[in-house]
>>> print(open('structure31.txt').read())   # compact mmCIF, C-alpha atoms
# COMPACT_ATOMS: atom_id res chain seq x y z
CA MET A 1 21.85 19.26 -18.98
CA ILE A 2 22.91 20.06 -22.55
CA THR A 3 24.45 23.29 -23.85
CA ILE A 4 25.21 24.04 -27.50
CA GLY A 5 27.89 26.59 -28.37
CA ILE A 6 27.79 28.27 -31.78
CA ASP A 7 30.56 30.45 -33.22
CA PRO A 8 28.71 31.87 -36.25
CA GLY A 9 30.35 32.57 -39.58
CA SER A 10 30.87 31.13 -43.04
CA LYS A 11 32.65 28.30 -41.20
CA SER A 12 30.55 28.05 -38.05
CA GLY A 13 31.92 26.20 -35.04
CA LEU A 14 29.39 23.88 -33.36
CA ALA A 15 30.01 22.26 -29.97
CA ILE A 16 27.72 20.30 -27.65
CA TRP A 17 28.31 19.87 -23.91
CA ARG A 18 26.29 17.21 -22.11
CA GLY A 19 26.84 17.02 -18.37
CA THR A 20 30.61 17.10 -17.89
CA LYS A 21 31.36 15.74 -21.38
CA LEU A 22 32.04 17.46 -24.68
CA VAL A 23 30.04 15.11 -26.88
CA HIS A 24 30.29 16.79 -30.28
CA VAL A 25 32.47 19.27 -32.18
CA SER A 26 32.27 20.17 -35.84
CA THR A 27 32.63 22.92 -38.43
CA VAL A 28 29.59 23.81 -40.54
CA LYS A 29 30.50 25.36 -43.90
CA LEU A 30 27.74 27.62 -45.15
CA ARG A 31 26.60 29.12 -48.44
CA HIS A 32 24.26 32.06 -48.13
CA ALA A 33 21.51 30.73 -50.38
CA GLU A 34 21.05 27.56 -48.35
CA ASP A 35 22.22 28.54 -44.87
CA TRP A 36 19.12 27.51 -42.94
CA ARG A 37 18.86 24.15 -44.67
CA MET A 38 22.51 23.36 -44.00
CA MET A 39 22.25 24.51 -40.37
CA SER A 40 19.19 22.35 -39.78
CA ALA A 41 20.79 19.28 -41.41
CA LYS A 42 24.09 19.66 -39.56
CA ALA A 43 22.36 20.29 -36.21
CA LEU A 44 20.29 17.11 -36.66
CA ASP A 45 23.45 15.18 -37.56
CA ALA A 46 25.16 16.52 -34.44
CA PHE A 47 22.21 15.56 -32.21
CA ARG A 48 22.19 12.04 -33.63
CA LEU A 49 25.94 11.63 -33.17
CA ALA A 50 25.62 12.91 -29.59
CA SER A 51 22.72 10.46 -28.95
CA ILE A 52 20.31 13.29 -28.17
CA PRO A 53 16.69 12.08 -28.60
CA LEU A 54 14.77 13.49 -31.57
CA ASP A 55 11.16 13.63 -32.61
CA GLY A 56 11.38 13.81 -36.38
CA SER A 57 13.31 16.97 -37.23
CA ARG A 58 13.06 18.44 -33.73
CA LEU A 59 14.35 17.67 -30.27
CA HIS A 60 12.19 15.21 -28.37
CA HIS A 61 9.87 17.12 -26.04
CA ASP A 62 11.12 15.13 -23.03
CA ILE A 63 14.60 16.64 -23.39
CA ALA A 64 14.00 19.92 -25.21
CA GLU A 65 13.74 21.97 -21.99
CA ALA A 66 17.23 20.83 -20.98
CA VAL A 67 18.86 21.97 -24.25
CA MET A 68 20.16 25.54 -24.33
CA VAL A 69 21.95 27.39 -27.12
CA ALA A 70 24.67 30.02 -26.69
CA THR A 71 25.83 32.13 -29.61
CA GLU A 72 28.40 34.91 -29.59
CA ALA A 73 27.05 38.47 -29.76
CA GLN A 74 27.92 40.15 -33.07
CA TYR A 75 28.39 43.82 -33.88
CA LEU A 76 28.79 45.89 -37.00
CA LYS A 77 32.23 47.45 -36.67
CA GLY A 78 35.06 48.79 -38.74
CA LYS A 79 35.06 51.04 -41.79
CA GLY A 80 34.59 50.35 -45.45
CA LEU A 81 31.81 48.69 -47.42
CA GLY A 82 33.58 45.33 -47.59
CA ARG A 83 34.03 45.22 -43.82
CA MET A 84 30.36 46.14 -43.25
CA GLU A 85 29.16 43.49 -45.68
CA GLY A 86 31.30 40.86 -43.98
CA MET A 87 29.98 41.70 -40.52
CA GLN A 88 26.39 41.81 -41.81
CA SER A 89 26.87 38.30 -43.19
CA VAL A 90 28.06 37.03 -39.78
CA LEU A 91 25.16 38.79 -38.05
CA THR A 92 22.71 37.13 -40.43
CA LYS A 93 24.24 33.70 -39.79
CA ALA A 94 24.08 34.22 -36.01
CA VAL A 95 20.39 35.12 -36.18
CA THR A 96 19.64 32.23 -38.56
CA TRP A 97 21.31 29.73 -36.21
CA ARG A 98 19.16 31.00 -33.37
CA VAL A 99 15.95 30.76 -35.40
CA VAL A 100 16.76 27.27 -36.71
CA LEU A 101 17.54 25.87 -33.25
CA ASP A 102 14.53 27.62 -31.72
CA MET A 103 12.33 25.87 -34.29
CA MET A 104 13.95 22.61 -33.20
CA ARG A 105 12.66 23.28 -29.63
CA ALA A 106 16.00 24.28 -28.07
CA ARG A 107 16.00 27.14 -25.56
CA ILE A 108 17.90 30.15 -26.87
CA LEU A 109 20.06 32.08 -24.42
CA PRO A 110 20.82 35.81 -24.82
CA PRO A 111 23.86 36.37 -27.06
CA VAL A 112 27.14 36.13 -25.12
CA HIS A 113 29.68 38.94 -25.41
CA ALA A 114 33.10 37.70 -26.53
CA ALA A 115 34.78 39.54 -23.65
CA SER A 116 32.51 37.71 -21.20
CA TRP A 117 33.28 34.13 -22.24
CA ARG A 118 36.96 34.91 -22.82
CA SER A 119 37.21 36.32 -19.31
CA THR A 120 36.00 32.98 -17.91
CA PHE A 121 39.14 31.36 -19.33
CA GLY A 122 41.57 34.22 -18.77
CA ILE A 123 41.87 34.91 -22.50
CA ALA A 124 43.01 38.49 -23.09
CA ALA A 125 45.14 40.55 -25.46
CA ARG A 126 48.55 40.80 -23.82
CA GLU A 127 51.90 41.85 -25.24
CA GLY A 128 53.83 38.81 -26.39
CA ASP A 129 50.82 36.48 -26.14
CA ALA A 130 49.26 34.52 -28.98
CA SER A 131 46.17 35.93 -30.68
CA LEU A 132 42.82 35.61 -28.89
CA LYS A 133 41.73 32.84 -31.25
CA GLN A 134 45.03 30.97 -30.87
CA GLN A 135 44.74 31.18 -27.08
CA ALA A 136 41.36 29.41 -27.37
CA VAL A 137 42.88 26.70 -29.58
CA ASP A 138 45.76 26.23 -27.10
CA LEU A 139 43.38 25.93 -24.12
CA VAL A 140 41.35 23.23 -25.83
CA ARG A 141 44.53 21.38 -26.80
CA ASP A 142 46.10 21.60 -23.32
CA HIS A 143 43.05 20.90 -21.17
CA LEU A 144 40.66 18.90 -23.35
CA HIS A 145 43.45 17.19 -25.33
CA MET A 146 41.89 17.93 -28.69
CA ARG A 147 43.25 19.54 -31.84
CA VAL A 148 40.55 21.77 -33.30
CA THR A 149 40.15 24.76 -35.59
CA GLU A 150 39.81 28.32 -34.28
CA ASP A 151 36.05 28.29 -34.96
CA GLU A 152 35.61 24.98 -33.14
CA ALA A 153 37.73 26.12 -30.19
CA GLU A 154 35.67 29.26 -29.74
CA ALA A 155 32.41 27.30 -29.96
CA ILE A 156 33.70 24.83 -27.36
CA LEU A 157 34.71 27.53 -24.86
CA LEU A 158 31.68 29.75 -25.51
CA GLY A 159 29.46 26.72 -24.92
CA LEU A 160 31.36 25.74 -21.78
CA HIS A 161 31.08 29.30 -20.43
CA ALA A 162 27.29 29.16 -20.79
CA HIS A 163 27.21 25.56 -19.51
CA LEU A 164 29.07 26.44 -16.31
CA LEU A 165 26.59 29.22 -15.53
CA ARG A 166 23.88 26.57 -15.25
CA TYR A 167 25.57 24.90 -12.28
CA ASP A 168 25.17 26.09 -8.70
CA GLU A 169 28.56 24.51 -8.01
CA PRO A 170 30.72 23.55 -11.03
CA PRO A 171 31.72 19.85 -11.08
CA THR A 172 35.32 18.99 -10.23
CA GLU A 173 35.85 18.01 -13.88
CA PHE A 174 35.86 21.73 -14.66
CA ALA A 175 38.30 22.76 -11.91
CA TRP A 176 40.88 23.53 -14.61
CA VAL A 177 38.84 26.53 -15.75
CA SER A 178 39.29 28.50 -12.52
CA GLN A 179 42.93 27.39 -12.32
CA VAL A 180 43.64 28.69 -15.83
CA LYS A 181 41.92 31.99 -15.10
CA ALA A 182 43.89 32.46 -11.86
CA ALA A 183 47.18 31.70 -13.63
CA GLN A 184 46.42 34.14 -16.44
CA LYS A 185 45.42 36.82 -13.93
CA ALA A 186 48.71 36.34 -12.07
CA ALA A 187 50.66 36.52 -15.35
CA THR A 188 48.90 39.77 -16.29
CA ALA A 189 49.64 41.29 -12.88
CA ALA A 190 53.31 40.27 -13.11
CA ALA A 191 53.64 41.75 -16.61
CA SER A 192 52.00 44.97 -15.49
CA LYS A 193 54.33 45.23 -12.48
CA ALA A 194 57.38 44.60 -14.64
CA LYS A 195 56.27 47.28 -17.08
CA ARG A 196 55.80 49.83 -14.28
CA SER A 197 59.21 49.08 -12.76
CA LYS A 198 61.04 49.35 -16.08
CA PRO A 199 63.29 52.43 -16.00
CA LYS A 200 62.14 55.22 -18.27
CA ALA A 201 64.58 56.48 -20.83
CA LYS A 202 65.95 59.88 -19.90
CA PRO A 203 65.67 62.63 -22.52
CA CYS A 204 68.97 63.61 -24.13
>>> encode(input="structure31.txt", output="structure tokens")
Amino acid sequence: MITIGIDPGSKSGLAIWRGTKLVHVSTVKLRHAEDWRMMSAKALDAFRLASIPLDGSRLHHDIAEAVMVATEAQYLKGKGLGRMEGMQSVLTKAVTWRVVLDMMRARILPPVHAASWRSTFGIAAREGDASLKQQAVDLVRDHLHMRVTEDEAEAILLGLHAHLLRYDEPPTEFAWVSQVKAAQKAATAAASKAKRSKPKAKPC
């Protein structure tokens, strides 16, 4: 069972989970004019490094059915031409990744909403907490004992979210995921309770 997580962007995070092991993590730097060529080359490099069988420039047919790809859903949001152009570029890269890996025989999963995979790990915007991206980096550091970039961290956790959904019963190696989510849920509840019990300032 192999799941590839892709955090698309000009510096795309690429992570590969195989069974209970994270077997590859990298950042793929892209230039618009040659995106698909770079994606294809870097994906092949990643497969080779992860010892995933290939048939030329595609996954070997004996293993292709077991390889699934998860990318984060992208939306056009914000105001201003510059913001729209930036989001359009990310959208294009997300679609290109999906097309490239589909041509390599991988099975493409529906795009995953950021809120969905973050919820799996208890990542949420809370007062006093680190940014969403930094929370992902901290989780990977604390539980997988790796120092990675924000893009790599998000690819790792996005991929693991999709990977876990493929199990009827998650292996014990992933017990930390539910423990982290429970702890974060308890912290959120405690913060909410403290906020409600805080005396309100009386008007002068």
>>> closest_residue(input="structure31.txt", among="A:Ser178, A:His60, A:Ser26, A:Pro170", to="Asp45 in chain A", atoms="all atoms listed in the file")
A:Ser26
>>> atom_distance(input="structure31.txt", atom1="CA of Arg31 in chain A", atom2="CA of Thr92 in chain A")
12.0 Å
>>> closest_residue(input="structure31.txt", among="A:Gly13, A:Gly122, A:Gly19, A:Gly56", to="Glu72 in chain A", atoms="all atoms listed in the file")
A:Gly13
>>> atom_distance(input="structure31.txt", atom1="CA of Lys133 in chain A", atom2="CA of Leu158 in chain A")
12.0 Å
>>> atom_distance(input="structure31.txt", atom1="CA of Ala136 in chain A", atom2="CA of Ala50 in chain A")
22.9 Å
>>> closest_residue(input="structure31.txt", among="A:Met39, A:Ala115, A:Val140, A:Leu91", to="Leu160 in chain A", atoms="all atoms listed in the file")
A:Val140
>>> residues_near_point(input="structure31.txt", point="(20.6, 22.3, -20.1)", cutoff="9 Å", atoms="all atoms listed in the file", output="PyMOL selection string")
chain A and resi 1-4+17-19+63-69+107+163+166
>>> closest_residue(input="structure31.txt", among="A:Arg58, A:His32, A:Lys93, A:Lys181", to="Ser12 in chain A", atoms="all atoms listed in the file")
A:Lys93
>>> closest_residue(input="structure31.txt", among="A:Ser131, A:Thr120, A:Thr96, A:Ser40", to="Trp176 in chain A", atoms="all atoms listed in the file")
A:Thr120
>>> closest_residue(input="structure31.txt", among="A:Glu150, A:Asp55, A:Asp168, A:Asp7", to="Val112 in chain A", atoms="only C-alpha atoms")
A:Asp7
>>> build_atoms(input="structure31.txt", residues="range 119-150 of chain A", atoms="N, CA and C atoms", output="compact mmCIF listing (two decimals), keeping the file's coordinate frame")
# COMPACT_ATOMS: atom_id res chain seq x y z
N SER A 119 36.81 36.03 -20.68
CA SER A 119 37.21 36.32 -19.31
C SER A 119 37.13 35.07 -18.43
N THR A 120 36.14 34.22 -18.68
CA THR A 120 36.00 32.98 -17.91
C THR A 120 37.26 32.12 -17.98
N PHE A 121 37.96 32.19 -19.12
CA PHE A 121 39.14 31.36 -19.33
C PHE A 121 40.45 32.15 -19.28
N GLY A 122 40.36 33.41 -18.88
CA GLY A 122 41.57 34.22 -18.77
C GLY A 122 42.18 34.60 -20.11
N ILE A 123 41.38 34.55 -21.17
CA ILE A 123 41.87 34.91 -22.50
C ILE A 123 41.82 36.43 -22.65
N ALA A 124 42.96 37.03 -22.95
CA ALA A 124 43.01 38.49 -23.09
C ALA A 124 44.17 38.86 -24.00
N ALA A 125 44.07 40.05 -24.59
CA ALA A 125 45.14 40.55 -25.46
C ALA A 125 46.27 41.08 -24.58
N ARG A 126 47.40 40.39 -24.60
CA ARG A 126 48.55 40.80 -23.82
C ARG A 126 49.79 40.81 -24.70
N GLU A 127 50.68 41.74 -24.45
CA GLU A 127 51.90 41.85 -25.24
C GLU A 127 52.69 40.54 -25.18
N GLY A 128 53.04 40.04 -26.33
CA GLY A 128 53.83 38.81 -26.39
C GLY A 128 53.00 37.54 -26.41
N ASP A 129 51.69 37.66 -26.15
CA ASP A 129 50.82 36.48 -26.14
C ASP A 129 50.34 36.14 -27.55
N ALA A 130 49.86 34.93 -27.71
CA ALA A 130 49.26 34.52 -28.98
C ALA A 130 47.95 35.29 -29.18
N SER A 131 47.43 35.25 -30.40
CA SER A 131 46.17 35.93 -30.68
C SER A 131 45.06 35.34 -29.82
N LEU A 132 43.95 36.07 -29.70
CA LEU A 132 42.82 35.61 -28.89
C LEU A 132 42.33 34.25 -29.39
N LYS A 133 42.21 34.10 -30.69
CA LYS A 133 41.73 32.84 -31.25
C LYS A 133 42.73 31.70 -30.99
N GLN A 134 44.02 32.00 -31.11
CA GLN A 134 45.03 30.97 -30.87
C GLN A 134 45.06 30.57 -29.40
N GLN A 135 44.81 31.51 -28.50
CA GLN A 135 44.74 31.18 -27.08
C GLN A 135 43.61 30.17 -26.83
N ALA A 136 42.48 30.35 -27.52
CA ALA A 136 41.36 29.41 -27.37
C ALA A 136 41.75 28.03 -27.87
N VAL A 137 42.42 27.98 -29.01
CA VAL A 137 42.88 26.70 -29.58
C VAL A 137 43.84 26.01 -28.60
N ASP A 138 44.77 26.80 -28.03
CA ASP A 138 45.76 26.23 -27.10
C ASP A 138 45.10 25.69 -25.83
N LEU A 139 44.09 26.39 -25.33
CA LEU A 139 43.38 25.93 -24.12
C LEU A 139 42.70 24.59 -24.37
N VAL A 140 42.03 24.48 -25.50
CA VAL A 140 41.35 23.23 -25.83
C VAL A 140 42.36 22.09 -25.99
N ARG A 141 43.48 22.40 -26.62
CA ARG A 141 44.53 21.38 -26.80
C ARG A 141 45.11 20.95 -25.44
N ASP A 142 45.41 21.91 -24.58
CA ASP A 142 46.10 21.60 -23.32
C ASP A 142 45.19 20.96 -22.27
N HIS A 143 43.91 21.35 -22.26
CA HIS A 143 43.05 20.90 -21.17
C HIS A 143 41.98 19.89 -21.59
N LEU A 144 41.62 19.89 -22.87
CA LEU A 144 40.66 18.90 -23.35
C LEU A 144 41.33 17.88 -24.27
N HIS A 145 42.63 18.12 -24.54
CA HIS A 145 43.45 17.19 -25.33
C HIS A 145 42.85 16.92 -26.70
N MET A 146 42.47 18.02 -27.36
CA MET A 146 41.89 17.93 -28.69
C MET A 146 42.55 18.96 -29.61
N ARG A 147 42.74 18.59 -30.84
CA ARG A 147 43.25 19.54 -31.84
C ARG A 147 42.05 19.97 -32.69
N VAL A 148 41.74 21.26 -32.61
CA VAL A 148 40.55 21.77 -33.30
C VAL A 148 40.89 23.05 -34.04
N THR A 149 39.96 23.50 -34.89
CA THR A 149 40.15 24.76 -35.59
C THR A 149 39.81 25.92 -34.65
N GLU A 150 40.12 27.14 -35.09
CA GLU A 150 39.81 28.32 -34.28
C GLU A 150 38.31 28.44 -34.04
